[in-house]
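Peer 1: This is the content of coords-v1.txt (compact mmCIF, C-alpha atoms):
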```txt
# COMPACT_ATOMS: atom_id res chain seq x y z
CA MET Q 13 45.71 -114.00 79.00
CA ILE Q 14 43.25 -111.69 77.25
CA GLU Q 15 39.85 -111.20 78.89
CA THR Q 16 38.94 -108.02 76.99
CA PRO Q 17 40.63 -106.53 73.89
CA MET Q 18 41.98 -103.58 75.90
CA ASP Q 19 44.10 -106.04 77.87
CA VAL Q 20 46.51 -106.06 74.92
CA LEU Q 21 47.62 -102.56 75.95
CA THR Q 22 48.71 -103.64 79.43
CA VAL Q 23 49.42 -107.37 79.19
CA PHE Q 24 51.18 -107.45 75.80
CA PRO Q 25 52.61 -103.93 75.37
CA VAL Q 26 55.58 -105.11 73.27
CA ARG Q 27 55.43 -107.65 70.45
CA LYS Q 28 58.90 -107.51 68.95
CA THR Q 29 60.90 -110.66 69.68
CA LYS Q 30 60.00 -114.11 68.45
CA ARG Q 31 59.01 -115.18 71.96
CA GLN Q 32 56.93 -112.05 72.64
CA LYS Q 33 55.04 -112.59 69.40
CA GLN Q 34 54.45 -116.26 70.12
CA ILE Q 35 53.03 -115.57 73.58
CA PHE Q 36 50.81 -112.84 72.14
CA ARG Q 37 49.50 -115.05 69.32
CA ASP Q 38 48.74 -117.87 71.75
CA ALA Q 39 46.74 -115.47 73.94
CA VAL Q 40 44.81 -114.08 70.97
CA GLN Q 41 44.00 -117.56 69.71
CA ALA Q 42 42.68 -118.51 73.15
CA TYR Q 43 40.59 -115.33 73.18
CA ALA Q 44 39.29 -116.00 69.66
CA THR Q 45 38.18 -119.47 70.77
CA SER Q 46 36.40 -118.00 73.79
CA ILE Q 47 34.30 -115.70 71.56
CA GLY Q 48 33.45 -118.41 69.06
CA TYR Q 49 36.06 -118.23 66.29
CA ASP Q 50 38.48 -120.71 64.81
CA SER Q 51 42.00 -119.38 64.24
CA ARG Q 52 45.30 -120.43 62.80
CA VAL Q 53 48.83 -119.10 62.26
CA GLU Q 54 50.19 -118.90 58.72
CA GLN Q 55 53.90 -118.72 58.02
CA GLY Q 56 55.13 -116.16 55.52
CA SER Q 57 58.33 -114.67 54.16
CA LEU Q 58 61.34 -113.88 56.38
CA GLY Q 59 59.86 -115.70 59.33
CA SER Q 60 56.64 -113.70 59.46
CA ARG Q 61 53.65 -115.24 61.21
CA ASN Q 62 50.16 -114.00 60.37
CA LEU Q 63 47.28 -114.84 62.69
CA VAL Q 64 44.03 -115.61 60.85
CA ILE Q 65 40.73 -115.54 62.75
CA GLY Q 66 37.58 -116.87 61.13
CA ASN Q 67 37.21 -118.33 57.65
CA PRO Q 68 38.65 -116.06 54.94
CA GLY Q 69 37.71 -118.60 52.28
CA GLN Q 70 34.05 -117.58 52.48
CA ALA Q 71 34.49 -114.00 53.69
CA ASP Q 72 33.69 -110.93 51.61
CA TYR Q 73 35.58 -108.68 54.01
CA LEU Q 74 38.88 -108.84 55.83
CA VAL Q 75 39.48 -106.65 58.86
CA THR Q 76 43.22 -106.43 59.38
CA ALA Q 77 45.89 -104.82 61.53
CA HIS Q 78 49.58 -105.37 62.09
CA TYR Q 79 50.61 -106.61 65.52
CA ASP Q 80 54.40 -106.24 65.42
CA THR Q 81 55.98 -103.45 67.47
CA CYS Q 82 58.02 -100.71 65.82
CA ALA Q 83 61.51 -99.60 66.83
CA ARG Q 84 61.87 -96.52 69.03
CA LEU Q 85 63.20 -93.41 67.31
CA PRO Q 86 64.42 -90.11 68.79
CA ILE Q 87 62.03 -88.11 66.60
CA PRO Q 88 58.50 -88.98 65.44
CA ASN Q 89 57.65 -90.28 62.02
CA TYR Q 90 55.28 -87.52 60.92
CA ILE Q 91 52.91 -88.54 58.14
CA THR Q 92 50.80 -86.09 56.16
CA PRO Q 93 48.82 -88.49 53.97
CA CYS Q 94 46.81 -85.78 52.17
CA ASN Q 95 49.61 -83.24 51.59
CA LEU Q 96 52.25 -84.27 49.08
CA TRP Q 97 54.62 -81.34 49.62
CA LEU Q 98 54.71 -81.59 53.40
CA PHE Q 99 55.14 -85.34 53.13
CA LEU Q 100 58.12 -84.90 50.80
CA LEU Q 101 59.55 -82.09 52.93
CA TRP Q 102 59.57 -84.25 56.04
CA GLN Q 103 61.26 -87.10 54.17
CA VAL Q 104 63.95 -84.64 53.01
CA VAL Q 105 64.38 -83.33 56.56
CA LEU Q 106 64.78 -86.87 57.92
CA THR Q 107 67.28 -87.72 55.20
CA LEU Q 108 69.33 -84.59 55.89
CA LEU Q 109 69.33 -85.29 59.62
CA ILE Q 110 70.61 -88.82 59.05
CA LEU Q 111 73.28 -87.60 56.65
CA ALA Q 112 74.33 -84.85 59.06
CA VAL Q 113 74.84 -87.36 61.88
CA CYS Q 114 76.83 -89.65 59.61
CA VAL Q 115 79.00 -86.83 58.21
CA LEU Q 116 79.78 -85.52 61.70
CA LEU Q 117 80.67 -89.00 62.88
CA GLY Q 118 82.88 -89.55 59.84
CA LEU Q 119 84.67 -86.24 60.39
CA GLY Q 120 85.20 -87.05 64.05
CA VAL Q 121 86.61 -90.49 63.33
CA GLY Q 122 88.78 -89.06 60.58
CA LEU Q 123 90.23 -86.45 62.92
CA LEU Q 124 90.83 -88.97 65.69
CA THR Q 125 92.50 -91.53 63.43
CA GLY Q 126 94.18 -89.07 61.09
CA SER Q 127 92.72 -91.01 58.17
CA GLY Q 128 90.14 -89.55 55.83
CA THR Q 129 89.49 -92.99 54.39
CA ILE Q 130 88.61 -94.47 57.78
CA GLY Q 131 86.43 -91.46 58.51
CA ALA Q 132 84.55 -91.80 55.22
CA TRP Q 133 83.93 -95.50 55.73
CA SER Q 134 82.76 -94.84 59.29
CA GLY Q 135 80.22 -92.33 58.05
CA TYR Q 136 79.05 -94.70 55.32
CA LEU Q 137 78.68 -97.55 57.81
CA MET Q 138 76.68 -95.32 60.16
CA VAL Q 139 74.11 -94.71 57.41
CA TRP Q 140 73.35 -98.41 57.33
CA VAL Q 141 73.39 -98.71 61.12
CA ILE Q 142 70.79 -95.94 61.43
CA LEU Q 143 68.59 -97.45 58.74
CA ALA Q 144 68.80 -100.84 60.46
CA LEU Q 145 67.87 -99.30 63.81
CA MET Q 146 64.86 -97.61 62.21
CA LEU Q 147 63.60 -100.95 60.93
CA ILE Q 148 64.71 -103.57 63.45
CA GLY Q 149 66.10 -101.58 66.38
CA PRO Q 150 65.05 -101.91 70.04
CA ALA Q 151 61.29 -102.02 70.48
CA ASN Q 152 59.31 -98.92 71.34
CA PRO Q 153 57.48 -99.85 74.56
CA SER Q 154 55.15 -96.89 73.98
CA ASN Q 155 53.01 -98.05 71.07
CA ALA Q 156 49.45 -97.38 72.16
CA ASN Q 157 48.62 -95.88 68.77
CA ASP Q 158 51.04 -97.78 66.50
CA ASN Q 159 49.60 -100.33 66.46
CA THR Q 160 48.07 -101.58 69.68
CA SER Q 161 45.09 -99.42 68.75
CA GLY Q 162 44.53 -101.39 65.55
CA VAL Q 163 44.83 -104.75 67.30
CA VAL Q 164 42.38 -103.72 70.03
CA THR Q 165 39.84 -102.43 67.51
CA LEU Q 166 40.09 -105.57 65.38
CA LEU Q 167 39.40 -107.76 68.42
CA GLU Q 168 36.52 -105.51 69.49
CA ILE Q 169 34.93 -105.87 66.05
CA ALA Q 170 35.40 -109.64 66.11
CA LYS Q 171 33.83 -109.88 69.58
CA SER Q 172 30.86 -107.66 68.68
CA MET Q 173 30.09 -109.00 65.20
CA PRO Q 174 26.60 -110.60 65.17
CA GLU Q 175 26.89 -114.37 64.90
CA ASN Q 176 24.66 -114.52 61.84
CA GLN Q 177 27.04 -112.18 60.00
CA ARG Q 178 30.36 -113.72 60.98
CA LYS Q 179 30.71 -115.83 57.86
CA LYS Q 180 30.93 -112.59 55.84
CA VAL Q 181 34.11 -111.39 57.56
CA ALA Q 182 37.47 -112.73 58.66
CA PHE Q 183 40.27 -111.09 60.62
CA VAL Q 184 44.02 -111.12 60.03
CA LEU Q 185 46.78 -109.83 62.28
CA PHE Q 186 49.83 -109.21 60.11
CA ASP Q 187 53.42 -109.63 61.20
CA LEU Q 188 56.46 -107.61 60.07
CA GLU Q 189 54.59 -104.55 58.83
CA GLU Q 190 57.28 -102.35 60.35
CA ALA Q 191 59.97 -104.18 58.36
CA GLY Q 192 58.27 -103.39 55.04
CA LEU Q 193 54.72 -104.83 54.86
CA ILE Q 194 56.18 -108.33 54.74
CA GLY Q 195 53.39 -110.20 56.52
CA SER Q 196 50.62 -108.72 54.41
CA ALA Q 197 52.59 -109.29 51.20
CA SER Q 198 52.95 -112.96 52.17
CA TYR Q 199 49.25 -113.22 52.92
CA ARG Q 200 48.35 -111.64 49.59
CA LYS Q 201 50.60 -114.10 47.75
CA ALA Q 202 49.06 -117.08 49.53
CA HIS Q 203 45.46 -115.91 49.07
CA LYS Q 204 45.53 -114.06 45.76
CA ALA Q 205 42.23 -115.37 44.39
CA GLN Q 206 40.37 -114.57 47.60
CA THR Q 207 41.86 -111.12 48.10
CA ASP Q 208 41.20 -110.15 44.49
CA ARG Q 209 37.51 -109.91 45.45
CA GLN Q 210 37.64 -109.06 49.16
CA MET Q 211 37.38 -105.63 50.71
CA VAL Q 212 40.34 -105.29 53.09
CA LEU Q 213 39.75 -102.84 55.96
CA ASN Q 214 43.14 -102.22 57.52
CA LEU Q 215 43.35 -100.59 60.97
CA ASP Q 216 46.64 -98.82 61.62
CA CYS Q 217 47.08 -96.01 64.18
CA ILE Q 218 43.45 -95.29 65.01
CA GLY Q 219 44.03 -94.27 68.63
CA ASP Q 220 45.17 -90.63 68.53
CA GLY Q 221 43.16 -88.10 66.51
CA ASP Q 222 39.64 -86.87 65.85
CA TYR Q 223 39.60 -87.36 62.07
CA LEU Q 224 39.08 -91.07 61.45
CA THR Q 225 40.00 -91.28 57.79
CA LEU Q 226 39.53 -94.06 55.24
CA PHE Q 227 42.10 -94.20 52.43
CA PRO Q 228 40.97 -96.49 49.58
CA THR Q 229 43.58 -97.84 47.18
CA LYS Q 230 43.74 -96.52 43.63
CA LYS Q 231 41.88 -99.50 42.19
CA LEU Q 232 39.14 -99.17 44.78
CA ARG Q 233 38.74 -95.46 44.02
CA GLN Q 234 38.06 -96.45 40.40
CA ASP Q 235 35.32 -98.89 41.45
CA ARG Q 236 32.48 -96.42 42.02
CA LYS Q 237 30.03 -98.98 43.39
CA ARG Q 238 32.37 -100.25 46.05
CA LEU Q 239 33.74 -96.83 46.83
CA THR Q 240 30.24 -95.44 47.30
CA SER Q 241 29.42 -98.28 49.66
CA LEU Q 242 32.22 -97.10 51.99
CA TYR Q 243 30.22 -94.01 52.79
CA LYS Q 244 27.89 -96.20 54.84
CA ALA Q 245 30.63 -96.19 57.49
CA CYS Q 246 30.97 -92.41 57.55
CA GLY Q 247 29.48 -89.76 59.78
CA TYR Q 248 30.03 -86.93 62.26
CA PHE Q 249 30.08 -87.69 65.97
CA GLY Q 250 30.55 -84.50 67.95
CA LYS Q 251 34.11 -83.33 67.42
CA LYS Q 252 35.02 -86.61 65.73
CA SER Q 253 34.31 -87.78 62.22
CA ILE Q 254 34.68 -90.81 59.97
CA LEU Q 255 35.33 -89.77 56.39
CA VAL Q 256 36.53 -91.25 53.09
CA HIS Q 257 39.44 -89.47 51.38
CA GLU Q 258 38.98 -90.14 47.66
CA LYS Q 259 40.15 -86.98 45.87
CA GLY Q 260 43.60 -85.49 45.54
CA PHE Q 261 46.89 -86.78 46.90
CA ALA Q 262 46.59 -89.73 49.27
CA PHE Q 263 49.42 -91.83 50.63
CA TYR Q 264 49.07 -93.85 53.79
CA PRO Q 265 51.91 -96.36 54.10
CA SER Q 266 50.38 -99.49 55.57
CA ASP Q 267 49.31 -103.03 54.74
CA GLN Q 268 46.23 -102.13 52.66
CA ALA Q 269 48.64 -101.18 49.87
CA ASN Q 270 49.19 -104.87 49.15
CA PHE Q 271 45.54 -105.50 48.28
CA PRO Q 272 43.51 -104.37 45.24
CA CYS Q 273 40.49 -103.36 47.31
CA GLY Q 274 42.33 -102.16 50.39
CA VAL Q 275 41.27 -99.38 52.73
CA GLY Q 276 43.76 -97.83 55.14
CA ILE Q 277 42.02 -96.58 58.27
CA CYS Q 278 43.77 -94.21 60.66
CA ALA Q 279 43.11 -91.37 63.09
CA LEU Q 280 44.56 -88.00 62.15
CA LYS Q 281 44.94 -84.60 63.77
CA LYS Q 282 44.57 -81.28 62.01
CA ALA Q 283 46.87 -78.26 61.95
CA GLY Q 284 45.31 -75.55 59.81
CA LYS Q 285 44.09 -77.48 56.78
CA THR Q 286 46.68 -80.24 57.08
CA LEU Q 287 45.80 -83.66 58.44
CA TYR Q 288 48.74 -85.39 60.08
CA LEU Q 289 49.84 -88.32 62.18
CA GLY Q 290 52.51 -87.73 64.81
CA ARG Q 291 54.03 -89.14 68.05
CA ILE Q 292 54.45 -92.65 66.62
CA HIS Q 293 57.76 -94.48 66.97
CA THR Q 294 58.62 -92.38 70.04
CA LYS Q 295 58.06 -92.53 73.80
CA LYS Q 296 55.15 -90.10 73.33
CA ASP Q 297 53.01 -92.73 71.63
CA THR Q 298 50.83 -93.27 74.70
CA ILE Q 299 47.32 -92.31 73.55
CA LEU Q 300 44.64 -94.86 72.73
CA ASP Q 301 41.30 -93.06 72.67
CA ARG Q 302 38.55 -95.55 73.53
CA THR Q 303 36.03 -93.34 71.75
CA ASN Q 304 37.86 -93.99 68.46
CA VAL Q 305 37.76 -97.72 69.09
CA ASN Q 306 34.05 -97.65 69.85
CA LEU Q 307 33.19 -95.46 66.86
CA LEU Q 308 35.08 -97.63 64.38
CA ARG Q 309 33.74 -100.82 65.89
CA ALA Q 310 30.15 -99.62 65.47
CA ALA Q 311 30.73 -98.04 62.04
CA LEU Q 312 32.52 -101.01 60.47
CA ILE Q 313 30.12 -103.59 61.88
CA THR Q 314 27.18 -101.57 60.56
CA TYR Q 315 28.89 -101.16 57.19
CA ILE Q 316 29.73 -104.87 56.83
CA CYS Q 317 26.28 -106.03 57.93
CA ARG Q 318 24.34 -103.56 55.77
CA ASP Q 319 26.53 -104.05 52.72
CA ALA Q 320 26.45 -107.81 53.08
CA ALA Q 321 22.65 -107.78 53.25
CA GLN Q 322 22.32 -106.08 49.85
```
Please re-express this file's structure in structure tokens.
Peer 2:
Amino acid sequence: MIETPMDVLTVFPVRKTKRQKQIFRDAVQAYATSIGYDSRVEQGSLGSRNLVIGNPGQADYLVTAHYDTCARLPIPNYITPCNLWLFLLWQVVLTLLILAVCVLLGLGVGLLTGSGTIGAWSGYLMVWVILALMLIGPANPSNANDNTSGVVTLLEIAKSMPENQRKKVAFVLFDLEEAGLIGSASYRKAHKAQTDRQMVLNLDCIGDGDYLTLFPTKKLRQDRKRLTSLYKACGYFGKKSILVHEKGFAFYPSDQANFPCGVGICALKKAGKTLYLGRIHTKKDTILDRTNVNLLRAALITYICRDAAQ
């Protein structure tokens, strides 16, 4: 049962198995009803189930987040969405680490069996085992930031949205983001005409960091009117800020990528001049800063209501 959005953090900390997801969706639908929304579950590809709250058919905005839980990894998935070279370097490091583990395993098996062929196949098989574990391995029970934070913020916005503005916005909780943006891709396919015109505000990992950053898709960056309107959500709030990143390299791998007018919204930390996201996919993902939730709730509601009024 969900009485307040923050209950998701304690009552539904893991949403990985089919049963866990079903129980979570049922609780969210009951909560949505209690705050005055209709909701439904839509089936998508590979067994994905997206939870739709409100009426997207008449909405100009979608506020979205993925609700599935990632697999636990031994090292964090560092993301530097504004720094191409560091992003590529980390991908190379991860690849080399995986290959090193597989090569060592293959050598060990080869020595134990006295067969180089068996050793080589063992190493090759381990590559696929590791990749499978990264995508569909055991759930990470520590997922306060990725992406319980997005789910909580979405529900907070839904709860706080003025009733006379609710027809302008709908909410979608996507499934199977961690397996490759499958839920959002299915939603896009089923609602292509609607999502061609809608602004999609996607909340993913907003709980740990002082730099709340909005990453518009390439098409949205080329639409100056809509891009300029995003600045209505921006501002400085003590040590925290909400800013649009529109110039230079930008790559934030989340569900907004499936929509023409998508905006990825995340919380980042800063080391020197580099903005980064860390801790996720590991046991250290335990931070969900309520200040971030409150700031984004207020900023996005104000943005949607002001923009809708013009």
Peer 1: What gap, in Å, lies between CA of Thr229 (chain Q) and CA of Gly274 (chain Q)?
Peer 2: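 CA of Gly274 (chain Q) lies at a distance of 5.5 Å from CA of Thr229 (chain Q).
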Peer 1: Under the rule that all atoms listed in the file are counted, which of Q:Ala83, Q:Leu224, Q:Leu123, Q:Val104 is the nearest residue to Lys251 (chain Q)?
Peer 2: Q:Leu224
Peer 1: Write out as a list in words which residues come within 10 Å of Val53 (chain Q) when counting only C-alpha atoms, dropping same-chain ones fewer than 3 positions away.
Peer 2: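 Contacts, with the query itself left out: Arg37, Asp38, Gln41, Gly56, Ser60, Arg61, Asn62, Leu63, Val64, Ile65, Val184 and Leu185 of chain Q.
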Peer 1: List the neighbours of region 158-172 of chain Q out to 7 Å using only C-alpha atoms; skip same-chain residues closer than 5 positions along the sequence, and give me the result as a ChimeraX atom specification.
Peer 2: /Q:17-18,20-21,47,75-79,215-219,292,300,305,309,313
Peer 1: Compare Q:Arg233, Q:Phe186, Q:Leu98, Q:Gln177 by their minimum atom-to-atom distance to Arg318 (chain Q), counting all atoms listed in the file, and give me the closest one.
Peer 2: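 Once distances to Arg318 (chain Q) are computed over all atoms listed in the file, the minimum belongs to Q:Gln177.
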Peer 1: Take CA of Cys94 (chain Q) and CA of Ile142 (chain Q) and report the distance between them in Å, one decimal.
Peer 2: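 Between CA of Cys94 (chain Q) and CA of Ile142 (chain Q) the gap is 27.6 Å.
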Peer 1: Which residue gives the smallest distance to Arg84 (chain Q) among Q:Leu232, Q:Leu213, Q:Ala205, Q:Met146, with only C-alpha atoms counted?
Peer 2: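 Closest to Arg84 (chain Q), using only C-alpha atoms: Q:Met146.
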Peer 1: Which residues are near Asp222 (chain Q)? Cut-off 10 Å, only C-alpha atoms, ignore same chain within fewer than 3 positions. Put them as a PDB file with C-alpha atoms, keeping the file's coordinate frame.
Peer 2:
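The result, stored in selection.pdb:
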```pdb
ATOM      1  CA  ILE Q 218      43.450 -95.290  65.010  1.00  0.00           C
ATOM      2  CA  GLY Q 219      44.030 -94.270  68.630  1.00  0.00           C
ATOM      3  CA  THR Q 225      40.000 -91.280  57.790  1.00  0.00           C
ATOM      4  CA  PHE Q 249      30.080 -87.690  65.970  1.00  0.00           C
ATOM      5  CA  GLY Q 250      30.550 -84.500  67.950  1.00  0.00           C
ATOM      6  CA  LYS Q 251      34.110 -83.330  67.420  1.00  0.00           C
ATOM      7  CA  LYS Q 252      35.020 -86.610  65.730  1.00  0.00           C
ATOM      8  CA  SER Q 253      34.310 -87.780  62.220  1.00  0.00           C
ATOM      9  CA  ILE Q 254      34.680 -90.810  59.970  1.00  0.00           C
ATOM     10  CA  CYS Q 278      43.770 -94.210  60.660  1.00  0.00           C
ATOM     11  CA  ALA Q 279      43.110 -91.370  63.090  1.00  0.00           C
ATOM     12  CA  LEU Q 280      44.560 -88.000  62.150  1.00  0.00           C
ATOM     13  CA  LYS Q 281      44.940 -84.600  63.770  1.00  0.00           C
ATOM     14  CA  LYS Q 282      44.570 -81.280  62.010  1.00  0.00           C
ATOM     15  CA  ASP Q 301      41.300 -93.060  72.670  1.00  0.00           C
ATOM     16  CA  THR Q 303      36.030 -93.340  71.750  1.00  0.00           C
ATOM     17  CA  ASN Q 304      37.860 -93.990  68.460  1.00  0.00           C
TER      18      ASN Q 304
END
```
Peer 1: Return the single residue from Q:Val141, Q:Ala71, Q:Leu124, Q:Cys114 that is closest to Lys179 (chain Q), with distances computed using only C-alpha atoms.
Peer 2: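 Among the listed residues, Q:Ala71 lies closest to Lys179 (chain Q).
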Peer 1: Counting all atoms listed in the file, figure out which residue out of Q:Phe36, Q:Phe227, Q:Trp133, Q:Tyr43 gets nearest to Glu15 (chain Q).
Peer 2: Q:Tyr43
